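Structure first, commentary second.
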Amino acid sequence: MAYIAGMTHHLNIIGGGMAGSEAAWQAANAGLRVTIHEMRPKVGTFAHRTGDLGEMVCSNSFRSDDHEQNAVGLLHWEMRAADGLIMQTAQKHRLPAGGALAVDRDPFAASVTAALKAHPNIDVVYDEITDLPRDGQWIIATGPLTSGALAEAIRTETGADSLAFFDAIAPIVYADTVNMDVAWRQSRYDKGETEDERTAYLNCPMTKDQYEAFIDALLAAEKTEFKDGETAAYFDGCLPIEVMAERGRETLRFGPMKPVGLTNAHDPETKAYAVVQLRRDNALGTLYNIVGFQTKMKYGAQKTVFAMISGLETAEFARLGGIHRNTFINSPVLLDHQMRLKSRPNIRFAGQITGVEGYVESAAMGLLAARLAVAQAHGIDLPPVPNTTAMGALVHHITGGADAKTFQPMNVNFGLFPPLEASGIKGGRRGRKDRYKAYTDRAKADWTAWLAQTETVPA
Ligand SMILES: Cc1cc2nc3c(=O)[nH]c(=O)nc-3n(C[C@H](O)[C@H](O)[C@H](O)COP(=O)(O)OP(=O)(O)OC[C@H]3O[C@@H](n4cnc5c(N)ncnc54)[C@H](O)[C@@H]3O)c2cc1C
């Protein structure tokens, strides 16, 4: 494979999926020459069916389109404000789906492909890239099913621990929906140098009866099947909780639900039979993951089963658990705030491979990576995207806000946004509607202002 050598105003993009297609559109509209390198249809993946750019591999939904009350709807809004190809095309092929943005997938991908191929600044080369490019400006947007050779090259560059082939996602809960009249803060054996460390976990106690009922529900819950190759994740020490429960009713009590080293602050005399622990998931402290609770239970079943945990009866989830085939890098360690690989700053990463999750989030990171590349090509130093926007909240999370040690792919959600300053809006459920509206109003103003700065870049 011959690379196109490093001209300043030429951008190469590997992968013509959600992120790569959006990135190409943004950069080409800003006057850069763009080459998309897409391996399909020559080399396929287990999920793609066609050689089209922007193919949706599974569901045909871009999720909620509510830009006032929903973080993904807000991301739609921000992408539309930035003339995003994926959102424009989705609108053109929209299907009735209530508040969701669902599309007719084949015409959608055909339109994305046609728009990119018709663009005077874009070339599409159908070829697999198998190595990390040394010269020129590149965006790697090869997604969760990055081909083996390129994944290996990334692994060689970044180190074995920095590239994952599976995500084993424990459910993530909004901290302010945990009932702290039941749960308490404590690290096992009060370990830690500082008060923050000694109280790093939220603990939810269970009696014997509660534990037994929980195991019964877990065993009976509906699960999704593993696809070919996915069970390899089992050997990486990330067994789904229901598989642990199948191995013995006590397994979880000796694993992630062990009650040792913990004293219930609300009832110190009573020893819990089992304890579910939640660990802080972001720097803001707004999100907590349920430790060791990766699962293949269906989403509906997860909500029912997790509501049986005392303290989580009315908890709300920023994302539910799962285990999937998914190639992604440890972005909080590897990428700078410009989405560049620190060890090779001529390469940006975008899309699901950066550790965001979902069509919309992936396309959004393509949009942003391209805008940053355009600014760089013109020698313009853009200020960071405000973390009060959906786009900014996501990129801040993956490039630093998330805990690198437990980094797992993330959907956009309001837990990633900095809390509102002294707004007078009620906390908890009661103020939620007003709070979300205030978040989205703030985001729209801040995104519009940031975008205006990128649009001063000369074409
Ligand atoms: C089985 C499965 C089901 C999913 N279901 C959903 C869902 O229902 N909803 C949702 O929102 N998200 C879903 N996702 C996540 C989804 O993949 C992402 O949301 C989105 O497609 C990621 O966009 P991307 O641009 O990062 O990657 P992709 O859209 O996958 O695009 C990456 C592109 O890179 C190409 N490529 C890979 N390696 C190379 C190489 N070496 N050289 C050249 N080209 C290469 C691929 O052919 C592909 O076209 C699913 C993922 C998987 C694996």
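Chain labels run A, B, ... following the order of the structure tokens; each chain numbers its residues from 1, and ligands are numbered from 1 in the order shown.
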May I have the residues within 7 Å of ligand 1, computed using only C-alpha atoms and all ligand atoms, as a ChimeraX atom specification? /A:14-20,37-40,44-45,47,53-62,127-130,141-147,149-150,325-326,350-353,357-360,362-363
Write out as a PyMOL selection string the residues lying within 6 Å of A:Ala100, counting only C-alpha atoms and excluding same-chain residues fewer than 4 positions away. chain A and resi 63-65
Spatial neighbours of stretch 274-289 of chain A, max dist 6 Å, only C-alpha atoms, sep filter under 6 positions, as a PyMOL selection string: chain A and resi 171-175+201-206+253+257-259+401-402+415
Export of prior selection with N, CA and C atoms as a short mmCIF file (atom, residue, chain, number, x, y, z; two decimals), in the first residue's frame:
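Now in again_1.cif:
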```
data_model
loop_
_atom_site.label_atom_id
_atom_site.label_comp_id
_atom_site.auth_asym_id
_atom_site.auth_seq_id
_atom_site.Cartn_x
_atom_site.Cartn_y
_atom_site.Cartn_z
N PRO A 171 -22.22 -1.84 34.35
CA PRO A 171 -23.21 -0.76 34.25
C PRO A 171 -22.73 0.50 34.97
N ILE A 172 -23.11 1.65 34.45
CA ILE A 172 -22.70 2.92 35.05
C ILE A 172 -23.94 3.69 35.50
N VAL A 173 -23.87 4.13 36.74
CA VAL A 173 -25.03 4.73 37.41
C VAL A 173 -24.76 6.21 37.64
N TYR A 174 -25.81 7.04 37.52
CA TYR A 174 -25.67 8.45 37.92
C TYR A 174 -25.58 8.51 39.45
N ALA A 175 -24.52 9.13 39.95
CA ALA A 175 -24.28 9.13 41.40
C ALA A 175 -25.46 9.70 42.18
N TYR A 201 -15.49 4.24 47.40
CA TYR A 201 -16.54 3.36 46.86
C TYR A 201 -17.88 3.66 47.52
N LEU A 202 -18.96 3.42 46.76
CA LEU A 202 -20.29 3.40 47.35
C LEU A 202 -20.62 1.92 47.57
N ASN A 203 -21.16 1.60 48.73
CA ASN A 203 -21.44 0.20 49.07
C ASN A 203 -22.92 -0.01 49.29
N CYS A 204 -23.44 -1.07 48.66
CA CYS A 204 -24.87 -1.39 48.80
C CYS A 204 -24.97 -2.76 49.47
N PRO A 205 -25.55 -2.83 50.68
CA PRO A 205 -25.58 -4.08 51.44
C PRO A 205 -26.74 -4.99 51.03
N MET A 206 -26.56 -6.30 51.22
CA MET A 206 -27.65 -7.24 50.97
C MET A 206 -27.76 -8.21 52.13
N ARG A 253 -20.56 -14.08 45.91
CA ARG A 253 -20.30 -13.65 47.28
C ARG A 253 -18.81 -13.77 47.63
N MET A 257 -19.12 -9.51 44.92
CA MET A 257 -20.08 -9.12 45.96
C MET A 257 -19.60 -9.49 47.36
N LYS A 258 -18.29 -9.70 47.52
CA LYS A 258 -17.84 -10.16 48.85
C LYS A 258 -18.01 -9.03 49.88
N PRO A 259 -18.47 -9.39 51.09
CA PRO A 259 -18.82 -8.36 52.08
C PRO A 259 -17.66 -8.00 53.01
N GLY A 401 -10.67 12.80 31.21
CA GLY A 401 -11.64 12.77 32.32
C GLY A 401 -11.87 11.37 32.86
N ALA A 402 -11.77 10.37 31.98
CA ALA A 402 -12.05 8.99 32.41
C ALA A 402 -10.83 8.43 33.15
N GLY A 415 -24.11 12.79 32.70
CA GLY A 415 -23.13 12.58 33.78
C GLY A 415 -21.74 13.06 33.39
#
```
Return the single residue from A:Leu451, A:Ile13, A:Ala445, A:Ala168 that is closest to A:Leu368, with distances computed using only C-alpha atoms. A:Leu451
So how far away is atom CA of A:Tyr189 from atom CA of A:Val260, in Å? 8.0 Å
Mind listing the strand (DSSP E or B) residues of stretch 4-140 of chain A, per DSSP on the backbone, as a PyMOL selection string? chain A and resi 10-14+33-38+61-64+94-95+100-103+122-126+137-140
